[in-house]
>>> print(open('final_23.csv').read())   # CSV, C-alpha atoms and all ligand atoms
chain,number,residue,atom,x,y,z
A,1,MET,CA,66.4,194.0,72.3
A,2,SER,CA,69.4,192.7,70.4
A,3,SER,CA,71.6,193.1,73.5
A,4,GLY,CA,68.8,192.2,75.8
A,5,LEU,CA,68.9,195.9,77.0
A,6,GLU,CA,67.4,197.9,74.1
A,7,SER,CA,63.7,198.5,74.7
A,8,ARG,CA,62.6,198.8,71.0
A,9,ALA,CA,62.5,195.5,69.2
A,10,ARG,CA,63.9,195.7,65.7
A,11,ILE,CA,61.8,194.0,63.1
A,12,GLY,CA,63.0,192.9,59.7
A,13,ILE,CA,60.4,192.2,57.0
A,14,LEU,CA,61.0,190.1,53.9
A,15,ILE,CA,58.7,190.6,50.9
A,16,SER,CA,58.5,189.5,47.3
A,17,GLY,CA,55.6,191.5,45.9
A,18,ARG,CA,52.8,193.8,46.8
A,19,GLY,CA,53.7,194.2,50.5
A,20,SER,CA,50.3,194.8,52.0
A,21,ASN,CA,51.1,192.8,55.1
A,22,MET,CA,54.4,194.7,55.4
A,23,VAL,CA,52.3,197.9,55.3
A,24,ALA,CA,49.9,196.5,58.0
A,25,LEU,CA,52.9,195.8,60.2
A,26,ALA,CA,54.6,199.1,59.6
A,27,ASP,CA,51.3,201.0,60.3
A,28,ALA,CA,50.7,198.9,63.5
A,29,VAL,CA,54.2,199.9,64.7
A,30,SER,CA,53.7,203.6,64.0
A,31,THR,CA,50.3,203.7,65.6
A,32,GLY,CA,51.6,201.8,68.7
A,33,ARG,CA,49.4,198.8,68.1
A,34,ILE,CA,52.7,196.9,68.1
A,35,PRO,CA,54.3,198.8,71.0
A,36,ASN,CA,58.1,199.3,71.6
A,37,ALA,CA,59.1,198.2,68.2
A,38,GLN,CA,60.5,199.6,65.0
A,39,ILE,CA,60.8,198.3,61.4
A,40,ALA,CA,64.6,198.2,60.9
A,41,VAL,CA,64.5,197.1,57.3
A,42,VAL,CA,62.4,195.7,54.5
A,43,ILE,CA,64.2,193.3,52.3
A,44,SER,CA,63.0,192.0,48.9
A,45,ASP,CA,64.3,189.3,46.6
A,46,GLN,CA,62.5,191.0,43.7
A,47,VAL,CA,63.8,194.3,42.4
A,48,ASN,CA,60.3,195.2,41.1
A,49,ALA,CA,58.4,194.3,44.3
A,50,ALA,CA,55.6,197.0,44.6
A,51,GLY,CA,56.1,196.8,48.4
A,52,LEU,CA,59.5,198.5,48.1
A,53,ALA,CA,58.0,201.9,47.2
A,54,LYS,CA,55.4,201.6,50.0
A,55,ALA,CA,58.2,201.0,52.5
A,56,LYS,CA,60.2,203.9,51.2
A,57,THR,CA,57.2,206.2,51.4
A,58,ARG,CA,57.0,205.3,55.1
A,59,GLY,CA,60.7,206.2,55.6
A,60,ILE,CA,61.7,202.6,56.1
A,61,GLU,CA,65.1,201.4,54.8
A,62,THR,CA,64.8,199.0,51.9
A,63,VAL,CA,67.3,196.5,50.6
A,64,VAL,CA,67.1,194.3,47.4
A,65,VAL,CA,68.9,191.0,47.5
A,66,GLU,CA,68.3,189.4,44.1
A,67,ARG,CA,68.6,185.7,43.6
A,68,ARG,CA,70.5,186.1,40.3
A,69,GLY,CA,70.7,182.3,39.8
A,70,ARG,CA,72.6,181.9,43.1
A,71,SER,CA,72.1,178.9,45.4
A,72,ARG,CA,69.6,179.3,48.2
A,73,GLU,CA,72.4,179.2,50.7
A,74,ASP,CA,74.4,182.0,49.0
A,75,HIS,CA,71.3,184.2,48.7
A,76,ASP,CA,70.2,183.6,52.2
A,77,ARG,CA,73.7,184.4,53.5
A,78,GLU,CA,73.5,187.9,52.1
A,79,ILE,CA,70.0,188.4,53.6
A,80,VAL,CA,71.1,187.1,57.0
A,81,ALA,CA,74.1,189.5,56.9
A,82,ALA,CA,71.8,192.4,56.1
A,83,LEU,CA,69.5,191.5,58.9
A,84,LYS,CA,72.4,191.1,61.4
A,85,ALA,CA,74.0,194.3,60.3
A,86,ARG,CA,70.8,196.1,61.3
A,87,ARG,CA,70.6,194.1,64.6
A,88,VAL,CA,67.2,192.6,63.7
A,89,ASP,CA,65.5,190.8,66.6
A,90,LEU,CA,62.5,189.4,64.7
A,91,VAL,CA,62.1,188.4,61.1
A,92,CYS,CA,58.6,188.6,59.5
A,93,LEU,CA,58.0,187.0,56.2
A,94,ALA,CA,55.2,188.9,54.4
A,95,GLY,CA,54.5,187.4,51.1
A,96,TYR,CA,58.1,186.3,50.8
A,97,MET,CA,57.9,183.5,48.3
A,98,ARG,CA,61.1,181.5,48.9
A,99,VAL,CA,61.8,178.7,51.3
A,100,LEU,CA,64.6,179.5,53.8
A,101,SER,CA,67.9,177.6,54.0
A,102,ASP,CA,68.9,175.8,57.2
A,103,GLU,CA,71.5,178.4,57.8
A,104,PHE,CA,68.9,181.2,57.8
A,105,LEU,CA,66.7,179.2,60.2
A,106,ASP,CA,69.6,178.6,62.5
A,107,ALA,CA,70.6,182.3,62.5
A,108,PHE,CA,67.1,183.4,63.7
A,109,ARG,CA,65.8,180.2,65.3
A,110,GLY,CA,62.4,180.9,67.0
A,111,ARG,CA,62.4,184.4,65.7
A,112,ILE,CA,61.0,184.0,62.1
A,113,LEU,CA,57.3,184.4,61.5
A,114,ASN,CA,55.2,183.8,58.4
A,115,ILE,CA,51.7,184.6,57.4
A,116,HIS,CA,49.8,182.1,55.3
A,117,PRO,CA,46.3,182.5,53.7
A,118,SER,CA,44.7,179.3,55.0
A,119,LEU,CA,43.9,177.6,58.3
A,120,LEU,CA,47.1,175.6,58.6
A,121,PRO,CA,47.7,172.7,58.6
A,122,SER,CA,45.2,172.7,55.7
A,123,PHE,CA,46.4,173.9,52.4
A,124,PRO,CA,50.1,174.7,52.8
A,125,GLY,CA,52.3,175.8,49.9
A,126,LEU,CA,51.2,177.8,46.9
A,127,ASP,CA,47.7,178.9,45.9
A,128,ALA,CA,46.2,178.2,49.3
A,129,GLN,CA,42.9,180.1,48.5
A,130,LYS,CA,42.5,178.1,45.3
A,131,GLN,CA,43.2,174.8,47.1
A,132,ALA,CA,40.5,175.8,49.7
A,133,LEU,CA,37.9,176.5,46.9
A,134,GLU,CA,38.8,173.3,45.0
A,135,HIS,CA,38.4,171.3,48.2
A,136,GLY,CA,35.0,172.8,48.9
A,137,VAL,CA,35.7,173.8,52.5
A,138,LYS,CA,33.1,176.1,54.0
A,139,TRP,CA,35.6,177.9,56.3
A,140,THR,CA,39.1,179.0,55.7
A,141,GLY,CA,41.2,181.8,57.0
A,142,CYS,CA,44.8,182.8,57.7
A,143,THR,CA,47.6,181.7,60.0
A,144,VAL,CA,50.7,183.3,61.5
A,145,HIS,CA,53.2,180.6,62.5
A,146,PHE,CA,56.9,180.2,63.4
A,147,VAL,CA,59.0,179.2,60.5
A,148,ASP,CA,60.9,175.9,60.7
A,149,GLU,CA,62.2,173.3,58.3
A,150,THR,CA,58.7,172.2,57.3
A,151,LEU,CA,56.6,173.8,54.5
A,152,ASP,CA,54.2,176.1,56.4
A,153,GLY,CA,54.3,173.6,59.2
A,154,GLY,CA,55.9,175.4,62.2
A,155,PRO,CA,54.1,176.1,65.5
A,156,ILE,CA,51.0,178.2,65.1
A,157,ILE,CA,50.8,181.5,66.9
A,158,ALA,CA,47.4,182.9,65.8
A,159,GLN,CA,44.6,182.3,63.3
A,160,ARG,CA,41.5,184.0,61.9
A,161,VAL,CA,38.6,182.2,60.3
A,162,VAL,CA,36.9,183.4,57.1
A,163,PRO,CA,33.7,181.9,55.7
A,164,VAL,CA,33.8,180.6,52.1
A,165,ARG,CA,30.8,181.8,50.0
A,166,ASP,CA,29.1,179.7,47.3
A,167,ASP,CA,29.9,182.4,44.7
A,168,ASP,CA,33.5,183.0,45.8
A,169,THR,CA,36.3,183.2,43.3
A,170,VAL,CA,40.0,183.0,44.2
A,171,GLU,CA,40.0,186.8,43.9
A,172,THR,CA,37.0,187.5,46.2
A,173,LEU,CA,38.1,184.9,48.8
A,174,SER,CA,41.7,186.1,48.7
A,175,GLU,CA,40.5,189.7,49.3
A,176,ARG,CA,38.4,188.8,52.3
A,177,ILE,CA,41.2,186.7,53.8
A,178,LEU,CA,43.7,189.6,53.3
A,179,VAL,CA,41.5,191.9,55.4
A,180,GLU,CA,41.9,189.4,58.2
A,181,GLU,CA,45.6,189.0,57.6
A,182,HIS,CA,46.2,192.7,58.1
A,183,GLN,CA,44.6,192.4,61.6
A,184,LEU,CA,46.1,189.1,62.5
A,185,TYR,CA,49.8,189.7,61.7
A,186,PRO,CA,50.2,192.7,64.0
A,187,GLU,CA,48.4,190.9,66.7
A,188,ALA,CA,50.7,187.8,66.4
A,189,VAL,CA,53.9,190.0,66.3
A,190,GLY,CA,52.7,191.7,69.5
A,191,ILE,CA,52.3,188.3,71.2
A,192,VAL,CA,55.7,187.1,70.1
A,193,LEU,CA,57.5,190.2,71.1
A,194,ASP,CA,55.9,190.0,74.6
A,195,GLN,CA,57.2,186.4,74.8
A,196,LEU,CA,60.7,187.4,73.6
A,197,ARG,CA,60.9,190.2,76.2
A,198,ASP,CA,59.8,187.9,79.0
A,199,SER,CA,62.5,185.4,78.0
A,200,ILE,CA,65.1,188.1,78.0
A,201,ILE,CA,64.0,189.3,81.4
A,202,GLU,CA,64.2,185.6,82.7
A,203,ASP,CA,67.7,185.2,81.1
A,204,CYS,CA,68.9,188.4,82.8
A,205,SER,CA,67.5,187.3,86.2
A,206,LEU,CA,69.1,183.9,85.8
A,207,GLN,CA,72.5,185.5,85.1
A,208,SER,CA,72.3,188.0,88.1
B,301,LIG,C1,49.4,187.1,51.4
B,301,LIG,O1,48.1,186.7,51.1
B,301,LIG,C2,50.2,186.1,52.2
B,301,LIG,O2,49.4,185.4,53.1
B,301,LIG,C3,50.6,185.2,51.1
B,301,LIG,O3,50.9,186.0,50.0
B,301,LIG,C4,50.2,187.2,50.1
B,301,LIG,C5,51.1,188.4,50.1
B,301,LIG,O4,50.5,189.6,50.0
B,301,LIG,N1,51.7,184.3,51.5
B,301,LIG,C6,51.8,183.1,51.1
B,301,LIG,O5,51.0,182.5,50.4
B,301,LIG,C7,53.0,182.4,51.7
B,301,LIG,N2,52.9,181.0,51.5
B,301,LIG,P1,51.2,190.9,50.4
B,301,LIG,O6,52.5,191.0,49.6
B,301,LIG,O7,50.2,192.0,50.0
B,301,LIG,O8,51.4,190.9,51.9
>>> encode(input="final_23.csv", output="structure tokens")
Amino acid sequence: MSSGLESRARIGILISGRGSNMVALADAVSTGRIPNAQIAVVISDQVNAAGLAKAKTRGIETVVVERRGRSREDHDREIVAALKARRVDLVCLAGYMRVLSDEFLDAFRGRILNIHPSLLPSFPGLDAQKQALEHGVKWTGCTVHFVDETLDGGPIIAQRVVPVRDDDTVETLSERILVEEHQLYPEAVGIVLDQLRDSIIEDCSLQS
């Protein structure tokens, strides 16, 4: 898709830790639930991220771009270069715990997705499940959205709802939300790739 001609969309996934959403995406690609796509690279800002080994086991290339006290702009420049070098069409943040610079956003405008463990716009930022419990909501869930300059505030692509139980702890609630995240993220990526393909076809027909 990078040139508008390749049929398999190239997905780059950014992680900082466990990487269970990355695994859900990779498995959805390999089983064809996300059709005509491939995971081009998994990039982590943490050298010890457990997700790195899970990606390697699946034969996916991994890259570590450590922060090493650099500015956000410097760090992001290296990540963008790594994504561009692999002709990535779509960037999926999967538990990537760093806000992106304007330069990163501009490089992949409209092509960066994030998954967040709440029904946005409720409970953006850190510890979304804890925020939901403290607020006493009866329903929460997860959201996949486009990433823009706002904190977890970009346009929403898809959501799933999860009931909050009276005896829920942060752990039990997080676990139940995570089950839904693993279904939701592949579904949302499929929707966005369909839209990107349609816009490429439209562009081509406009040019011809
Ligand atoms: C997931 O619950 C994801 O929604 C959340 O971090 C976890 C990462 O788990 N992301 C955020 O809170 C982003 N604001 P994973 O590494 O196993 O996918």
>>> closest_atom_pairs(input="final_23.csv", of="range 73-128 of chain A", to="range 139-157 of chain A", cutoff="6 Å", atoms="all atoms listed in the file", output="tab-separated table")
residue	atom	partner	partner_atom	distance
A:Ile112	CA	A:Val147	CA	5.4
A:Leu113	CA	A:Phe146	CA	4.6
A:Asn114	CA	A:Val144	CA	5.5
A:Ile115	CA	A:Val144	CA	4.4
A:His116	CA	A:Thr143	CA	5.2
A:Pro117	CA	A:Cys142	CA	4.3
A:Ser118	CA	A:Cys142	CA	4.4
A:Leu119	CA	A:Gly141	CA	5.2
A:Pro124	CA	A:Asp152	CA	5.6
>>> residues_near_ligand(input="final_23.csv", ligand="ligand LIG 301 (chain B)", cutoff="9 Å", atoms="all atoms listed in the file", output="VMD selection string")
chain A and resid 15 to 24 49 to 51 93 to 98 114 to 118 124 to 129 142 to 144 151 to 152 174 to 175 177 to 178 181 to 182
>>> write_last_selection(input="final_23.csv", atoms="C-alpha atoms", output="mmCIF file, in the coordinates of the input")
data_model
loop_
_atom_site.group_PDB
_atom_site.id
_atom_site.type_symbol
_atom_site.label_atom_id
_atom_site.label_comp_id
_atom_site.auth_asym_id
_atom_site.auth_seq_id
_atom_site.Cartn_x
_atom_site.Cartn_y
_atom_site.Cartn_z
ATOM 1 C CA ILE A 15 58.700 190.600 50.900
ATOM 2 C CA SER A 16 58.500 189.500 47.300
ATOM 3 C CA GLY A 17 55.600 191.500 45.900
ATOM 4 C CA ARG A 18 52.800 193.800 46.800
ATOM 5 C CA GLY A 19 53.700 194.200 50.500
ATOM 6 C CA SER A 20 50.300 194.800 52.000
ATOM 7 C CA ASN A 21 51.100 192.800 55.100
ATOM 8 C CA MET A 22 54.400 194.700 55.400
ATOM 9 C CA VAL A 23 52.300 197.900 55.300
ATOM 10 C CA ALA A 24 49.900 196.500 58.000
ATOM 11 C CA ALA A 49 58.400 194.300 44.300
ATOM 12 C CA ALA A 50 55.600 197.000 44.600
ATOM 13 C CA GLY A 51 56.100 196.800 48.400
ATOM 14 C CA LEU A 93 58.000 187.000 56.200
ATOM 15 C CA ALA A 94 55.200 188.900 54.400
ATOM 16 C CA GLY A 95 54.500 187.400 51.100
ATOM 17 C CA TYR A 96 58.100 186.300 50.800
ATOM 18 C CA MET A 97 57.900 183.500 48.300
ATOM 19 C CA ARG A 98 61.100 181.500 48.900
ATOM 20 C CA ASN A 114 55.200 183.800 58.400
ATOM 21 C CA ILE A 115 51.700 184.600 57.400
ATOM 22 C CA HIS A 116 49.800 182.100 55.300
ATOM 23 C CA PRO A 117 46.300 182.500 53.700
ATOM 24 C CA SER A 118 44.700 179.300 55.000
ATOM 25 C CA PRO A 124 50.100 174.700 52.800
ATOM 26 C CA GLY A 125 52.300 175.800 49.900
ATOM 27 C CA LEU A 126 51.200 177.800 46.900
ATOM 28 C CA ASP A 127 47.700 178.900 45.900
ATOM 29 C CA ALA A 128 46.200 178.200 49.300
ATOM 30 C CA GLN A 129 42.900 180.100 48.500
ATOM 31 C CA CYS A 142 44.800 182.800 57.700
ATOM 32 C CA THR A 143 47.600 181.700 60.000
ATOM 33 C CA VAL A 144 50.700 183.300 61.500
ATOM 34 C CA LEU A 151 56.600 173.800 54.500
ATOM 35 C CA ASP A 152 54.200 176.100 56.400
ATOM 36 C CA SER A 174 41.700 186.100 48.700
ATOM 37 C CA GLU A 175 40.500 189.700 49.300
ATOM 38 C CA ILE A 177 41.200 186.700 53.800
ATOM 39 C CA LEU A 178 43.700 189.600 53.300
ATOM 40 C CA GLU A 181 45.600 189.000 57.600
ATOM 41 C CA HIS A 182 46.200 192.700 58.100
#
>>> closest_residue(input="final_23.csv", among="A:Pro121, A:Val80, A:Thr57, A:Arg67", to="Ile13 in chain A", atoms="all atoms listed in the file")
A:Val80
>>> atom_distance(input="final_23.csv", atom1="CA of Ser71 in chain A", atom2="CA of Leu14 in chain A")
17.9 Å
>>> residues_around(input="final_23.csv", residues="Asp45 in chain A", least_positions_apart="5", cutoff="6 Å", atoms="only C-alpha atoms", output="PyMOL selection string")
chain A and resi 16+64-66
>>> atom_distance(input="final_23.csv", atom1="CA of Gln131 in chain A", atom2="CA of Val170 in chain A")
9.3 Å
>>> residues_around(input="final_23.csv", residues="Arg77 in chain A", least_positions_apart="5", cutoff="9 Å", atoms="only C-alpha atoms", output="ChimeraX atom specification")
/A:72,82,101,103-104
>>> atom_distance(input="final_23.csv", atom1="CA of Ile191 in chain A", atom2="CA of Pro35 in chain A")
10.7 Å
>>> closest_residue(input="final_23.csv", among="A:Arg165, A:Asp106, A:Ile60, A:Gln159", to="Gly12 in chain A", atoms="only C-alpha atoms")
A:Ile60
>>> closest_residue(input="final_23.csv", among="A:Thr169, A:His135, A:Gly110, A:Ile43", to="Ser122 in chain A", atoms="all atoms listed in the file")
A:His135
>>> decode(input="final_23.csv", residues="range 74-119 of chain A", atoms="N, CA and C atoms", output="PDB file, in the first residue's frame")
ATOM      1  N   ASP A  74      13.862  13.946  19.244  1.00  0.00           N
ATOM      2  CA  ASP A  74      15.003  13.117  18.807  1.00  0.00           C
ATOM      3  C   ASP A  74      14.629  11.642  18.775  1.00  0.00           C
ATOM      4  N   HIS A  75      13.990  11.226  19.850  1.00  0.00           N
ATOM      5  CA  HIS A  75      13.583   9.824  19.998  1.00  0.00           C
ATOM      6  C   HIS A  75      12.594   9.459  18.890  1.00  0.00           C
ATOM      7  N   ASP A  76      11.622  10.321  18.687  1.00  0.00           N
ATOM      8  CA  ASP A  76      10.597  10.044  17.676  1.00  0.00           C
ATOM      9  C   ASP A  76      11.180  10.040  16.272  1.00  0.00           C
ATOM     10  N   ARG A  77      12.158  10.913  16.033  1.00  0.00           N
ATOM     11  CA  ARG A  77      12.790  10.972  14.698  1.00  0.00           C
ATOM     12  C   ARG A  77      13.364   9.598  14.336  1.00  0.00           C
ATOM     13  N   GLU A  78      14.007   8.964  15.317  1.00  0.00           N
ATOM     14  CA  GLU A  78      14.592   7.646  15.043  1.00  0.00           C
ATOM     15  C   GLU A  78      13.501   6.588  14.795  1.00  0.00           C
ATOM     16  N   ILE A  79      12.412   6.684  15.539  1.00  0.00           N
ATOM     17  CA  ILE A  79      11.315   5.718  15.340  1.00  0.00           C
ATOM     18  C   ILE A  79      10.665   5.931  13.975  1.00  0.00           C
ATOM     19  N   VAL A  80      10.428   7.181  13.621  1.00  0.00           N
ATOM     20  CA  VAL A  80       9.807   7.479  12.320  1.00  0.00           C
ATOM     21  C   VAL A  80      10.710   6.960  11.204  1.00  0.00           C
ATOM     22  N   ALA A  81      12.014   7.162  11.349  1.00  0.00           N
ATOM     23  CA  ALA A  81      12.951   6.677  10.321  1.00  0.00           C
ATOM     24  C   ALA A  81      12.869   5.156  10.195  1.00  0.00           C
ATOM     25  N   ALA A  82      12.770   4.476  11.339  1.00  0.00           N
ATOM     26  CA  ALA A  82      12.680   3.002  11.311  1.00  0.00           C
ATOM     27  C   ALA A  82      11.380   2.555  10.648  1.00  0.00           C
ATOM     28  N   LEU A  83      10.298   3.273  10.906  1.00  0.00           N
ATOM     29  CA  LEU A  83       9.001   2.933  10.295  1.00  0.00           C
ATOM     30  C   LEU A  83       9.030   3.193   8.791  1.00  0.00           C
ATOM     31  N   LYS A  84       9.604   4.333   8.427  1.00  0.00           N
ATOM     32  CA  LYS A  84       9.666   4.701   6.991  1.00  0.00           C
ATOM     33  C   LYS A  84      10.558   3.717   6.236  1.00  0.00           C
ATOM     34  N   ALA A  85      11.666   3.339   6.868  1.00  0.00           N
ATOM     35  CA  ALA A  85      12.603   2.420   6.206  1.00  0.00           C
ATOM     36  C   ALA A  85      11.914   1.094   5.888  1.00  0.00           C
ATOM     37  N   ARG A  86      10.894   0.772   6.669  1.00  0.00           N
ATOM     38  CA  ARG A  86      10.165  -0.489   6.435  1.00  0.00           C
ATOM     39  C   ARG A  86       8.849  -0.247   5.706  1.00  0.00           C
ATOM     40  N   ARG A  87       8.702   0.929   5.153  1.00  0.00           N
ATOM     41  CA  ARG A  87       7.535   1.316   4.329  1.00  0.00           C
ATOM     42  C   ARG A  87       6.213   0.996   5.031  1.00  0.00           C
ATOM     43  N   VAL A  88       6.159   1.417   6.307  1.00  0.00           N
ATOM     44  CA  VAL A  88       4.955   1.148   7.104  1.00  0.00           C
ATOM     45  C   VAL A  88       3.806   2.056   6.652  1.00  0.00           C
ATOM     46  N   ASP A  89       2.627   1.450   6.481  1.00  0.00           N
ATOM     47  CA  ASP A  89       1.426   2.191   6.083  1.00  0.00           C
ATOM     48  C   ASP A  89       0.609   2.652   7.283  1.00  0.00           C
ATOM     49  N   LEU A  90       0.590   1.803   8.323  1.00  0.00           N
ATOM     50  CA  LEU A  90      -0.273   2.067   9.471  1.00  0.00           C
ATOM     51  C   LEU A  90       0.506   1.781  10.755  1.00  0.00           C
ATOM     52  N   VAL A  91       0.437   2.732  11.689  1.00  0.00           N
ATOM     53  CA  VAL A  91       1.145   2.566  12.971  1.00  0.00           C
ATOM     54  C   VAL A  91       0.117   2.261  14.057  1.00  0.00           C
ATOM     55  N   CYS A  92       0.328   1.178  14.798  1.00  0.00           N
ATOM     56  CA  CYS A  92      -0.575   0.818  15.894  1.00  0.00           C
ATOM     57  C   CYS A  92       0.171   0.933  17.218  1.00  0.00           C
ATOM     58  N   LEU A  93      -0.313   1.822  18.078  1.00  0.00           N
ATOM     59  CA  LEU A  93       0.250   1.901  19.423  1.00  0.00           C
ATOM     60  C   LEU A  93      -0.446   0.836  20.257  1.00  0.00           C
ATOM     61  N   ALA A  94       0.340  -0.027  20.885  1.00  0.00           N
ATOM     62  CA  ALA A  94      -0.238  -1.146  21.643  1.00  0.00           C
ATOM     63  C   ALA A  94       0.441  -1.179  23.006  1.00  0.00           C
ATOM     64  N   GLY A  95      -0.100  -0.368  23.925  1.00  0.00           N
ATOM     65  CA  GLY A  95       0.551  -0.245  25.227  1.00  0.00           C
ATOM     66  C   GLY A  95       1.846   0.530  25.110  1.00  0.00           C
ATOM     67  N   TYR A  96       1.900   1.465  24.148  1.00  0.00           N
ATOM     68  CA  TYR A  96       3.082   2.331  24.001  1.00  0.00           C
ATOM     69  C   TYR A  96       2.852   3.546  24.884  1.00  0.00           C
ATOM     70  N   MET A  97       3.683   3.674  25.922  1.00  0.00           N
ATOM     71  CA  MET A  97       3.369   4.628  26.977  1.00  0.00           C
ATOM     72  C   MET A  97       4.133   5.943  26.828  1.00  0.00           C
ATOM     73  N   ARG A  98       4.181   6.471  25.599  1.00  0.00           N
ATOM     74  CA  ARG A  98       4.807   7.783  25.444  1.00  0.00           C
ATOM     75  C   ARG A  98       3.992   8.618  24.464  1.00  0.00           C
ATOM     76  N   VAL A  99       3.798   9.887  24.818  1.00  0.00           N
ATOM     77  CA  VAL A  99       3.075  10.810  23.935  1.00  0.00           C
ATOM     78  C   VAL A  99       3.935  11.071  22.704  1.00  0.00           C
ATOM     79  N   LEU A 100       3.312  11.165  21.527  1.00  0.00           N
ATOM     80  CA  LEU A 100       4.080  11.363  20.291  1.00  0.00           C
ATOM     81  C   LEU A 100       4.310  12.848  20.015  1.00  0.00           C
ATOM     82  N   SER A 101       5.454  13.143  19.387  1.00  0.00           N
ATOM     83  CA  SER A 101       5.770  14.525  18.997  1.00  0.00           C
ATOM     84  C   SER A 101       4.940  14.928  17.774  1.00  0.00           C
ATOM     85  N   ASP A 102       4.871  16.236  17.530  1.00  0.00           N
ATOM     86  CA  ASP A 102       4.145  16.735  16.344  1.00  0.00           C
ATOM     87  C   ASP A 102       4.748  16.168  15.069  1.00  0.00           C
ATOM     88  N   GLU A 103       6.071  16.038  15.076  1.00  0.00           N
ATOM     89  CA  GLU A 103       6.758  15.525  13.880  1.00  0.00           C
ATOM     90  C   GLU A 103       6.295  14.097  13.545  1.00  0.00           C
ATOM     91  N   PHE A 104       6.176  13.279  14.571  1.00  0.00           N
ATOM     92  CA  PHE A 104       5.702  11.895  14.391  1.00  0.00           C
ATOM     93  C   PHE A 104       4.268  11.931  13.843  1.00  0.00           C
ATOM     94  N   LEU A 105       3.418  12.761  14.477  1.00  0.00           N
ATOM     95  CA  LEU A 105       2.016  12.844  14.048  1.00  0.00           C
ATOM     96  C   LEU A 105       1.931  13.282  12.591  1.00  0.00           C
ATOM     97  N   ASP A 106       2.763  14.259  12.213  1.00  0.00           N
ATOM     98  CA  ASP A 106       2.737  14.761  10.824  1.00  0.00           C
ATOM     99  C   ASP A 106       3.202  13.691   9.843  1.00  0.00           C
ATOM    100  N   ALA A 107       4.165  12.886  10.265  1.00  0.00           N
ATOM    101  CA  ALA A 107       4.730  11.870   9.360  1.00  0.00           C
ATOM    102  C   ALA A 107       3.699  10.782   9.032  1.00  0.00           C
ATOM    103  N   PHE A 108       2.771  10.526   9.961  1.00  0.00           N
ATOM    104  CA  PHE A 108       1.788   9.457   9.723  1.00  0.00           C
ATOM    105  C   PHE A 108       0.363   9.960  10.010  1.00  0.00           C
ATOM    106  N   ARG A 109       0.098  11.177   9.626  1.00  0.00           N
ATOM    107  CA  ARG A 109      -1.207  11.804   9.910  1.00  0.00           C
ATOM    108  C   ARG A 109      -2.368  10.903   9.441  1.00  0.00           C
ATOM    109  N   GLY A 110      -3.295  10.628  10.354  1.00  0.00           N
ATOM    110  CA  GLY A 110      -4.453   9.794   9.992  1.00  0.00           C
ATOM    111  C   GLY A 110      -4.125   8.310   9.876  1.00  0.00           C
ATOM    112  N   ARG A 111      -2.906   7.964  10.216  1.00  0.00           N
ATOM    113  CA  ARG A 111      -2.494   6.559  10.084  1.00  0.00           C
ATOM    114  C   ARG A 111      -1.882   6.025  11.374  1.00  0.00           C
ATOM    115  N   ILE A 112      -2.231   6.638  12.495  1.00  0.00           N
ATOM    116  CA  ILE A 112      -1.750   6.156  13.798  1.00  0.00           C
ATOM    117  C   ILE A 112      -2.966   5.833  14.652  1.00  0.00           C
ATOM    118  N   LEU A 113      -3.009   4.611  15.160  1.00  0.00           N
ATOM    119  CA  LEU A 113      -4.111   4.182  16.025  1.00  0.00           C
ATOM    120  C   LEU A 113      -3.591   3.889  17.426  1.00  0.00           C
ATOM    121  N   ASN A 114      -4.501   4.014  18.395  1.00  0.00           N
ATOM    122  CA  ASN A 114      -4.148   3.653  19.768  1.00  0.00           C
ATOM    123  C   ASN A 114      -5.307   2.890  20.394  1.00  0.00           C
ATOM    124  N   ILE A 115      -4.978   1.993  21.306  1.00  0.00           N
ATOM    125  CA  ILE A 115      -6.031   1.337  22.093  1.00  0.00           C
ATOM    126  C   ILE A 115      -5.930   1.809  23.532  1.00  0.00           C
ATOM    127  N   HIS A 116      -7.083   2.108  24.102  1.00  0.00           N
ATOM    128  CA  HIS A 116      -7.113   2.661  25.460  1.00  0.00           C
ATOM    129  C   HIS A 116      -8.162   1.905  26.282  1.00  0.00           C
ATOM    130  N   PRO A 117      -7.836   1.562  27.545  1.00  0.00           N
ATOM    131  CA  PRO A 117      -8.738   0.721  28.348  1.00  0.00           C
ATOM    132  C   PRO A 117      -9.847   1.490  29.065  1.00  0.00           C
ATOM    133  N   SER A 118     -10.582   2.307  28.331  1.00  0.00           N
ATOM    134  CA  SER A 118     -11.794   2.932  28.880  1.00  0.00           C
ATOM    135  C   SER A 118     -12.683   3.328  27.722  1.00  0.00           C
ATOM    136  N   LEU A 119     -13.906   3.730  28.043  1.00  0.00           N
ATOM    137  CA  LEU A 119     -14.800   4.260  27.018  1.00  0.00           C
ATOM    138  C   LEU A 119     -14.510   5.749  26.897  1.00  0.00           C
TER     139      LEU A 119
END
